[in-house]
Amino acid sequence: MESPELSFTLVYVVFCLCFVFTPTEFHSAGLTIQNLFSSWLGSEDLGFVQYHVRRTTVTLLVHSALPIGYYMGMCVAAPDRNLGYVFQVSPAPDGWRAFLLLSLCVQVTSWMFIIYWSRHHWHNHPISRALEAHMHPSHSDWCSVAASINTEFRRIDKFATGAPGARVIVTDSWVLKVTTYHVYVALQSECHVTVTESRQHQLSPDSASPAQILTLRVDSINPAVKPFDIRLQSTEYGDLREKLHAPIRNAANVVIHQTISELFLETFRAQVELNQPYPLPTGQEVESCIGCMQVLACTKLVKLCHTDDCQQCFCRPMWCLSCLGRWFASRQDQQRPETWLSSTVPCPTCRARFCILDVCAVR
Ligand SMILES: [Zn+2]
Ligand SMILES: [Zn+2]
Ligand SMILES: [Zn+2]
């Protein structure tokens with residue numbers, strides 16, 4: 001049983017979710033506030049702050065109109081409900097009336113917010129307020145703070161990363177985070193940064209490359225600036241460090257993997273854990289790894305896979321897991337990490353080819 005109302009509701013809910021959270025498909029289709037209103041928003045490069053004041057305003061206006069859009073769409077999708085005739089003697093059902101009233105309230109409230117924000121040249125807008133916190137000592141009003149940010153944003157050597165809903169920009173003296181409804185601002189010379197969390201996405205057959213996502217909290221000594229979180233890939237951490245002169249504290253003792261090879265080591269370790277272990281023959285001693293001489297050699301290559309590419313290696317355990325993993329990663333096509341899991345490399349000692357399934361931990 002499929003009614004047009006139900007199908008319309010489902011389609012509209014999915015549309016709203018996509019429109020508000022804009023996945024990549026919506027971006028490439030151009031269905032974003034930035035695209036639809038580009039002529040009115042102007043250029044982000046010419047006036048970064050003014051652009052985002054306008055963008056967040058339009059975003060609020062459009063998002064708050066989504067409930068009304070649903071009601072109007074329903075008028076068309078289900079004409080027999082007479083939703084279009086709210087003022088008639090036998091009006092639309094009560095539930096719908098309440099919904100319409102609520103949607104109108106949401107819309108009117110958002111208009112009231114916008115009128116309040118726009119007074120005195122947008123002086124009351126949350127972004128202007130955030131800039132006002134930085135007025136002293138070098139700036140006389142929020143417009144001069146805005147001018148400083150605009151100028152620095154135009155420079156090509158800024159650090160910029162992240163999805164459109166959570167962009168991170170670091171310029172010579174500012175740390176900025178652009179979200180759907182707000183722009184967070186901190187002065188580099190006033191802030192300190194803490195690595196608070198790390199999430200690791202391992203290399204898998206359906207991901208193009210392994211990734212480590214770092215969360216950093218930006219705190220300012222300026223009490224008017226609220227702390228905020230920024231997120232970036234660990235491989236971008238080096239670039240961030242180059243631009244960010246504020247001290248970075250690693251509170252959670254997160255190991256930051258700055259290269260794809262280092263990231264791959266985590267995947268390598270996890271896979272070896274899954275492989276069956278190699279029981280050391282009685283009487284045989286494990287020696288130190290001949291790669292790093294730091295730890296015991298704890299890996300043995302045993303042909304466990306069923307491909308003809310691999311050969312049996314007869315070497316005794318000679319390498320530790322990290323050294324073998326680095327060797328494995330170094331022999332791969334660095335541009336195509338998605339092929340790493342399925343490829344074979346020669347044993348560093350005897351050159352017998354092995355794949356990741358043939359690496360056993362010595363027990
Ligand atoms: Zn080693
Ligand atoms: Zn070998
Ligand atoms: Zn193999």
# chains A, B, ... in the order shown; residues from 1 in each chain; ligands from 1
$ residues_around --residues "Leu60 in chain A" --least-positions-apart "5" --cutoff "10 Å" --atoms "only C-alpha atoms" --output "PyMOL selection string"
chain A and resi 55+65+107+110-111+113-114+180-181
$ write_last_selection --atoms "all heavy atoms" --output "PDB file, in the first residue's frame"
ATOM      1  N   ARG A  55      26.008  34.286   4.119  1.00  0.00           N
ATOM      2  CA  ARG A  55      25.736  32.866   3.908  1.00  0.00           C
ATOM      3  C   ARG A  55      24.978  32.268   5.091  1.00  0.00           C
ATOM      4  O   ARG A  55      23.986  31.564   4.908  1.00  0.00           O
ATOM      5  CB  ARG A  55      27.048  32.095   3.699  1.00  0.00           C
ATOM      6  CG  ARG A  55      26.841  30.617   3.415  1.00  0.00           C
ATOM      7  CD  ARG A  55      28.139  29.835   3.468  1.00  0.00           C
ATOM      8  NE  ARG A  55      28.823  29.959   4.751  1.00  0.00           N
ATOM      9  CZ  ARG A  55      28.502  29.243   5.839  1.00  0.00           C
ATOM     10  NH1 ARG A  55      27.541  28.353   5.782  1.00  0.00           N
ATOM     11  NH2 ARG A  55      29.143  29.432   6.974  1.00  0.00           N
ATOM     12  N   ALA A  65      12.579  27.513   6.302  1.00  0.00           N
ATOM     13  CA  ALA A  65      11.431  27.452   5.391  1.00  0.00           C
ATOM     14  C   ALA A  65      11.094  26.018   4.989  1.00  0.00           C
ATOM     15  O   ALA A  65      10.079  25.774   4.338  1.00  0.00           O
ATOM     16  CB  ALA A  65      11.714  28.288   4.145  1.00  0.00           C
ATOM     17  N   GLN A 107       9.303  30.179  10.759  1.00  0.00           N
ATOM     18  CA  GLN A 107       9.723  31.107   9.731  1.00  0.00           C
ATOM     19  C   GLN A 107       9.751  32.541  10.237  1.00  0.00           C
ATOM     20  O   GLN A 107      10.716  33.263  10.024  1.00  0.00           O
ATOM     21  CB  GLN A 107       8.777  30.959   8.515  1.00  0.00           C
ATOM     22  CG  GLN A 107       9.112  31.858   7.368  1.00  0.00           C
ATOM     23  CD  GLN A 107      10.341  31.428   6.565  1.00  0.00           C
ATOM     24  OE1 GLN A 107      10.302  31.429   5.386  1.00  0.00           O
ATOM     25  NE2 GLN A 107      11.404  31.060   7.210  1.00  0.00           N
ATOM     26  N   SER A 110      12.668  33.113  12.570  1.00  0.00           N
ATOM     27  CA  SER A 110      13.955  33.264  11.898  1.00  0.00           C
ATOM     28  C   SER A 110      14.060  34.639  11.243  1.00  0.00           C
ATOM     29  O   SER A 110      15.117  35.260  11.257  1.00  0.00           O
ATOM     30  CB  SER A 110      14.179  32.134  10.896  1.00  0.00           C
ATOM     31  OG  SER A 110      13.463  32.376   9.723  1.00  0.00           O
ATOM     32  N   TRP A 111      12.951  35.159  10.715  1.00  0.00           N
ATOM     33  CA  TRP A 111      12.961  36.521  10.162  1.00  0.00           C
ATOM     34  C   TRP A 111      13.274  37.544  11.243  1.00  0.00           C
ATOM     35  O   TRP A 111      14.019  38.492  11.041  1.00  0.00           O
ATOM     36  CB  TRP A 111      11.615  36.861   9.509  1.00  0.00           C
ATOM     37  CG  TRP A 111      11.559  36.463   8.066  1.00  0.00           C
ATOM     38  CD1 TRP A 111      10.872  35.423   7.542  1.00  0.00           C
ATOM     39  CD2 TRP A 111      12.241  37.099   6.970  1.00  0.00           C
ATOM     40  NE1 TRP A 111      11.083  35.355   6.186  1.00  0.00           N
ATOM     41  CE2 TRP A 111      11.921  36.374   5.806  1.00  0.00           C
ATOM     42  CE3 TRP A 111      13.105  38.204   6.874  1.00  0.00           C
ATOM     43  CZ2 TRP A 111      12.410  36.703   4.551  1.00  0.00           C
ATOM     44  CZ3 TRP A 111      13.599  38.541   5.620  1.00  0.00           C
ATOM     45  CH2 TRP A 111      13.257  37.790   4.484  1.00  0.00           C
ATOM     46  N   PHE A 113      14.980  37.068  13.988  1.00  0.00           N
ATOM     47  CA  PHE A 113      16.411  36.963  14.263  1.00  0.00           C
ATOM     48  C   PHE A 113      17.211  37.760  13.241  1.00  0.00           C
ATOM     49  O   PHE A 113      18.112  38.517  13.579  1.00  0.00           O
ATOM     50  CB  PHE A 113      16.862  35.495  14.204  1.00  0.00           C
ATOM     51  CG  PHE A 113      16.932  34.850  15.552  1.00  0.00           C
ATOM     52  CD1 PHE A 113      16.005  33.890  15.931  1.00  0.00           C
ATOM     53  CD2 PHE A 113      17.927  35.212  16.448  1.00  0.00           C
ATOM     54  CE1 PHE A 113      16.064  33.294  17.177  1.00  0.00           C
ATOM     55  CE2 PHE A 113      17.999  34.619  17.700  1.00  0.00           C
ATOM     56  CZ  PHE A 113      17.056  33.661  18.065  1.00  0.00           C
ATOM     57  N   ILE A 114      16.851  37.573  11.974  1.00  0.00           N
ATOM     58  CA  ILE A 114      17.636  38.189  10.913  1.00  0.00           C
ATOM     59  C   ILE A 114      17.502  39.713  10.942  1.00  0.00           C
ATOM     60  O   ILE A 114      18.487  40.437  10.776  1.00  0.00           O
ATOM     61  CB  ILE A 114      17.232  37.588   9.558  1.00  0.00           C
ATOM     62  CG1 ILE A 114      17.785  36.161   9.476  1.00  0.00           C
ATOM     63  CG2 ILE A 114      17.734  38.422   8.393  1.00  0.00           C
ATOM     64  CD1 ILE A 114      17.117  35.277   8.494  1.00  0.00           C
ATOM     65  N   THR A 180      28.023  25.373   9.307  1.00  0.00           N
ATOM     66  CA  THR A 180      26.810  25.749   8.589  1.00  0.00           C
ATOM     67  C   THR A 180      26.240  27.073   9.079  1.00  0.00           C
ATOM     68  O   THR A 180      25.832  27.911   8.291  1.00  0.00           O
ATOM     69  CB  THR A 180      25.757  24.636   8.759  1.00  0.00           C
ATOM     70  OG1 THR A 180      26.387  23.388   8.456  1.00  0.00           O
ATOM     71  CG2 THR A 180      24.587  24.834   7.830  1.00  0.00           C
ATOM     72  N   TYR A 181      26.206  27.276  10.408  1.00  0.00           N
ATOM     73  CA  TYR A 181      25.542  28.468  10.924  1.00  0.00           C
ATOM     74  C   TYR A 181      26.481  29.496  11.553  1.00  0.00           C
ATOM     75  O   TYR A 181      26.046  30.522  12.040  1.00  0.00           O
ATOM     76  CB  TYR A 181      24.510  28.083  11.987  1.00  0.00           C
ATOM     77  CG  TYR A 181      23.377  27.229  11.466  1.00  0.00           C
ATOM     78  CD1 TYR A 181      23.255  25.904  11.851  1.00  0.00           C
ATOM     79  CD2 TYR A 181      22.441  27.745  10.577  1.00  0.00           C
ATOM     80  CE1 TYR A 181      22.224  25.109  11.378  1.00  0.00           C
ATOM     81  CE2 TYR A 181      21.413  26.976  10.106  1.00  0.00           C
ATOM     82  CZ  TYR A 181      21.306  25.655  10.506  1.00  0.00           C
ATOM     83  OH  TYR A 181      20.286  24.883  10.041  1.00  0.00           O
TER      84      TYR A 181
END
$ residues_around --residues "range 306-310 of chain A" --least-positions-apart "3" --cutoff "10 Å" --atoms "only C-alpha atoms" --output "JSON, numbers by chain"
{"A": [302, 303, 313, 343, 344, 345, 346, 352, 353, 354, 355, 357, 358]}
$ write_last_selection --atoms "N, CA, C and O atoms" --output "short mmCIF file (atom, residue, chain, number, x, y, z; two decimals), in the first residue's frame"
data_model
loop_
_atom_site.label_atom_id
_atom_site.label_comp_id
_atom_site.auth_asym_id
_atom_site.auth_seq_id
_atom_site.Cartn_x
_atom_site.Cartn_y
_atom_site.Cartn_z
N VAL A 302 55.14 -17.39 6.31
CA VAL A 302 54.67 -18.75 6.00
C VAL A 302 53.64 -18.62 4.91
O VAL A 302 52.72 -17.81 5.03
N LYS A 303 53.78 -19.38 3.84
CA LYS A 303 52.81 -19.25 2.76
C LYS A 303 51.48 -19.85 3.20
O LYS A 303 51.31 -21.05 3.29
N CYS A 313 58.99 -18.86 2.15
CA CYS A 313 60.27 -18.30 2.60
C CYS A 313 60.81 -19.22 3.69
O CYS A 313 60.06 -19.67 4.55
N SER A 343 48.62 -6.81 -2.84
CA SER A 343 49.84 -7.01 -3.63
C SER A 343 50.87 -7.86 -2.88
O SER A 343 50.75 -8.08 -1.68
N THR A 344 51.87 -8.31 -3.61
CA THR A 344 52.93 -9.12 -3.00
C THR A 344 54.25 -8.36 -3.08
O THR A 344 54.45 -7.54 -3.97
N VAL A 345 55.14 -8.63 -2.12
CA VAL A 345 56.48 -8.04 -2.13
C VAL A 345 57.49 -9.15 -1.83
O VAL A 345 57.12 -10.18 -1.27
N PRO A 346 58.78 -8.96 -2.20
CA PRO A 346 59.77 -10.00 -1.89
C PRO A 346 60.19 -9.95 -0.42
O PRO A 346 60.21 -8.87 0.18
N ALA A 352 61.86 -14.34 -1.61
CA ALA A 352 60.63 -15.10 -1.89
C ALA A 352 59.45 -14.14 -1.73
O ALA A 352 59.41 -13.36 -0.78
N ARG A 353 58.51 -14.16 -2.66
CA ARG A 353 57.42 -13.20 -2.61
C ARG A 353 56.40 -13.59 -1.54
O ARG A 353 56.14 -14.77 -1.33
N PHE A 354 55.87 -12.61 -0.85
CA PHE A 354 54.82 -12.88 0.13
C PHE A 354 53.77 -11.79 0.08
O PHE A 354 54.01 -10.69 -0.44
N CYS A 355 52.56 -12.11 0.60
CA CYS A 355 51.51 -11.11 0.70
C CYS A 355 51.17 -10.93 2.17
O CYS A 355 51.72 -11.64 3.04
N LEU A 357 48.78 -11.84 3.90
CA LEU A 357 48.18 -13.00 4.56
C LEU A 357 49.24 -13.99 5.04
O LEU A 357 48.95 -14.89 5.82
N ASP A 358 50.48 -13.84 4.51
CA ASP A 358 51.53 -14.81 4.81
C ASP A 358 52.41 -14.36 5.98
O ASP A 358 53.40 -15.03 6.30
#
$ closest_residue --among "A:Leu280, A:Met74, A:Ile260, A:Ala163" --to "Pro23 in chain A" --atoms "only C-alpha atoms"
A:Ala163
$ closest_residue --among "A:Tyr70, A:Tyr278, A:Tyr51, A:Phe37" --to "Phe99 in chain A" --atoms "only C-alpha atoms"
A:Tyr70
$ residues_around --residues "Cys292 in chain A" --least-positions-apart "5" --cutoff "12 Å" --atoms "only C-alpha atoms" --output "list in words"
Glu287, Ala297, Met318, Trp319, Cys320, Leu321, Ser322, Cys323, Leu324, Arg326 and Trp327 of chain A
$ atom_distance --atom1 "CA of Thr171 in chain A" --atom2 "CA of Glu152 in chain A"
5.9 Å
$ select_by_dssp --residues "range 138-231 of chain A" --states "strand (DSSP E or B)" --output "count of residues only"
44
$ residues_near_ligand --ligand "ligand 2" --cutoff "7 Å" --atoms "only C-alpha atoms and all ligand atoms" --output "list of chain:residue names"
A:Leu301, A:Cys313, A:Phe314, A:Cys315, A:Cys347, A:Pro348, A:Thr349, A:Cys350, A:Arg351, A:Ala352
$ residues_around --residues "Ala208 in chain A" --least-positions-apart "3" --cutoff "12 Å" --atoms "only C-alpha atoms" --output "list in words"
His201, Gln202, Leu203, Ser204, Pro205, Ala211, Ile260, Phe264, Gln334, Gln335, Arg336, Pro337, Glu338, Thr339, Trp340 and Leu341 of chain A
$ write_last_selection --atoms "all heavy atoms" --output "short mmCIF file (atom, residue, chain, number, x, y, z; two decimals), in the first residue's frame"
data_model
loop_
_atom_site.label_atom_id
_atom_site.label_comp_id
_atom_site.auth_asym_id
_atom_site.auth_seq_id
_atom_site.Cartn_x
_atom_site.Cartn_y
_atom_site.Cartn_z
N HIS A 201 40.87 5.06 10.61
CA HIS A 201 40.14 4.28 9.61
C HIS A 201 41.16 3.46 8.87
O HIS A 201 42.03 4.00 8.20
CB HIS A 201 39.38 5.19 8.65
CG HIS A 201 38.38 6.05 9.35
ND1 HIS A 201 37.16 5.58 9.74
CD2 HIS A 201 38.45 7.33 9.76
CE1 HIS A 201 36.50 6.55 10.36
NE2 HIS A 201 37.27 7.62 10.39
N GLN A 202 41.08 2.12 9.03
CA GLN A 202 42.12 1.28 8.42
C GLN A 202 41.88 1.09 6.95
O GLN A 202 40.77 1.26 6.45
CB GLN A 202 42.16 -0.05 9.15
CG GLN A 202 42.57 0.19 10.59
CD GLN A 202 43.08 -1.03 11.27
OE1 GLN A 202 42.79 -2.14 10.86
NE2 GLN A 202 43.85 -0.83 12.31
N LEU A 203 42.99 0.71 6.30
CA LEU A 203 42.90 0.42 4.88
C LEU A 203 42.05 -0.83 4.71
O LEU A 203 42.29 -1.84 5.34
CB LEU A 203 44.31 0.17 4.34
CG LEU A 203 44.44 -0.01 2.85
CD1 LEU A 203 43.97 1.22 2.11
CD2 LEU A 203 45.89 -0.29 2.49
N SER A 204 41.02 -0.74 3.89
CA SER A 204 40.19 -1.90 3.64
C SER A 204 39.94 -1.95 2.14
O SER A 204 40.19 -0.97 1.45
CB SER A 204 38.86 -1.77 4.40
OG SER A 204 38.14 -0.69 3.87
N PRO A 205 39.47 -3.10 1.64
CA PRO A 205 39.31 -3.19 0.19
C PRO A 205 38.43 -2.09 -0.40
O PRO A 205 38.56 -1.72 -1.55
CB PRO A 205 38.65 -4.56 0.01
CG PRO A 205 39.11 -5.34 1.19
CD PRO A 205 39.19 -4.35 2.32
N ALA A 211 43.22 6.26 6.97
CA ALA A 211 43.12 7.64 7.43
C ALA A 211 43.08 7.69 8.94
O ALA A 211 42.54 6.79 9.59
CB ALA A 211 41.89 8.31 6.86
N ILE A 260 51.21 8.16 4.78
CA ILE A 260 50.38 7.01 4.43
C ILE A 260 51.05 5.71 4.93
O ILE A 260 50.38 4.82 5.43
CB ILE A 260 50.19 6.95 2.90
CG1 ILE A 260 49.38 8.15 2.42
CG2 ILE A 260 49.53 5.67 2.47
CD1 ILE A 260 47.90 8.00 2.56
N PHE A 264 49.56 2.98 7.33
CA PHE A 264 49.39 1.61 6.86
C PHE A 264 49.86 0.61 7.91
O PHE A 264 49.31 -0.49 8.02
CB PHE A 264 50.15 1.41 5.55
CG PHE A 264 50.12 0.00 5.06
CD1 PHE A 264 48.96 -0.53 4.52
CD2 PHE A 264 51.24 -0.81 5.16
CE1 PHE A 264 48.91 -1.83 4.09
CE2 PHE A 264 51.20 -2.11 4.73
CZ PHE A 264 50.04 -2.64 4.19
N GLN A 334 53.11 4.22 -4.18
CA GLN A 334 52.72 5.18 -3.13
C GLN A 334 51.47 5.98 -3.50
O GLN A 334 50.81 6.53 -2.63
CB GLN A 334 53.88 6.14 -2.84
CG GLN A 334 55.14 5.46 -2.32
CD GLN A 334 54.91 4.71 -1.00
OE1 GLN A 334 54.33 5.25 -0.06
NE2 GLN A 334 55.37 3.47 -0.92
N GLN A 335 51.17 6.06 -4.78
CA GLN A 335 50.00 6.83 -5.21
C GLN A 335 48.71 6.03 -5.13
O GLN A 335 47.63 6.60 -5.23
CB GLN A 335 50.17 7.30 -6.68
CG GLN A 335 51.41 8.12 -6.92
CD GLN A 335 51.53 9.30 -5.97
OE1 GLN A 335 50.55 9.99 -5.71
NE2 GLN A 335 52.71 9.51 -5.43
N ARG A 336 48.83 4.70 -4.97
CA ARG A 336 47.60 3.89 -5.02
C ARG A 336 47.50 2.97 -3.80
O ARG A 336 47.63 1.75 -3.92
CB ARG A 336 47.57 3.08 -6.31
CG ARG A 336 47.55 3.98 -7.57
CD ARG A 336 47.64 3.16 -8.84
NE ARG A 336 46.56 2.20 -8.93
CZ ARG A 336 46.68 1.01 -9.51
NH1 ARG A 336 47.83 0.63 -10.01
NH2 ARG A 336 45.64 0.20 -9.58
N PRO A 337 47.26 3.54 -2.61
CA PRO A 337 47.20 2.71 -1.40
C PRO A 337 46.11 1.64 -1.46
O PRO A 337 46.20 0.64 -0.75
CB PRO A 337 46.89 3.73 -0.30
CG PRO A 337 47.18 5.05 -0.87
CD PRO A 337 47.02 4.95 -2.35
N GLU A 338 45.11 1.83 -2.32
CA GLU A 338 44.03 0.85 -2.36
C GLU A 338 44.51 -0.50 -2.90
O GLU A 338 43.84 -1.51 -2.73
CB GLU A 338 42.84 1.38 -3.18
CG GLU A 338 43.05 1.49 -4.68
CD GLU A 338 43.75 2.78 -5.11
OE1 GLU A 338 44.23 3.52 -4.23
OE2 GLU A 338 43.82 3.02 -6.33
N THR A 339 45.68 -0.53 -3.54
CA THR A 339 46.18 -1.80 -4.08
C THR A 339 47.08 -2.53 -3.08
O THR A 339 47.45 -3.68 -3.31
CB THR A 339 47.01 -1.56 -5.36
OG1 THR A 339 48.16 -0.75 -5.02
CG2 THR A 339 46.22 -0.85 -6.44
N TRP A 340 47.43 -1.86 -1.98
CA TRP A 340 48.44 -2.42 -1.10
C TRP A 340 48.05 -3.74 -0.47
O TRP A 340 48.87 -4.63 -0.33
CB TRP A 340 48.79 -1.42 0.02
CG TRP A 340 49.48 -0.20 -0.48
CD1 TRP A 340 49.61 0.19 -1.79
CD2 TRP A 340 50.15 0.79 0.31
NE1 TRP A 340 50.29 1.36 -1.86
CE2 TRP A 340 50.65 1.76 -0.59
CE3 TRP A 340 50.37 0.95 1.67
CZ2 TRP A 340 51.35 2.87 -0.16
CZ3 TRP A 340 51.07 2.06 2.10
CH2 TRP A 340 51.55 3.01 1.19
N LEU A 341 46.77 -3.88 -0.07
CA LEU A 341 46.36 -5.08 0.64
C LEU A 341 46.46 -6.31 -0.23
O LEU A 341 46.66 -7.41 0.26
CB LEU A 341 44.92 -4.92 1.15
CG LEU A 341 44.74 -4.09 2.41
CD1 LEU A 341 43.27 -4.08 2.80
CD2 LEU A 341 45.58 -4.64 3.55
#
$ atom_distance --atom1 "CA of Phe48 in chain A" --atom2 "CA of Asn150 in chain A"
5.2 Å
$ residues_around --residues "range 188-199 of chain A" --least-positions-apart "3" --cutoff "9 Å" --atoms "only C-alpha atoms" --output "PyMOL selection string"
chain A and resi 170-175+211-222+234+244-256
$ closest_residue --among "A:Val362, A:Val62, A:Ile356, A:Cys289" --to "ligand 1" --atoms "only C-alpha atoms and all ligand atoms"
A:Cys289
$ residues_around --residues "Ala361 in chain A" --least-positions-apart "3" --cutoff "6 Å" --atoms "only C-alpha atoms" --output "list in words"
Pro277, Tyr278, Cys298 and Thr299 of chain A
$ write_last_selection --atoms "C-alpha atoms" --output "mmCIF file, in the first residue's frame"
data_model
loop_
_atom_site.group_PDB
_atom_site.id
_atom_site.type_symbol
_atom_site.label_atom_id
_atom_site.label_comp_id
_atom_site.auth_asym_id
_atom_site.auth_seq_id
_atom_site.Cartn_x
_atom_site.Cartn_y
_atom_site.Cartn_z
ATOM 1 C CA PRO A 277 50.584 -17.440 14.688
ATOM 2 C CA TYR A 278 53.856 -19.262 14.056
ATOM 3 C CA CYS A 298 58.740 -11.484 15.946
ATOM 4 C CA THR A 299 57.557 -12.284 12.445
#
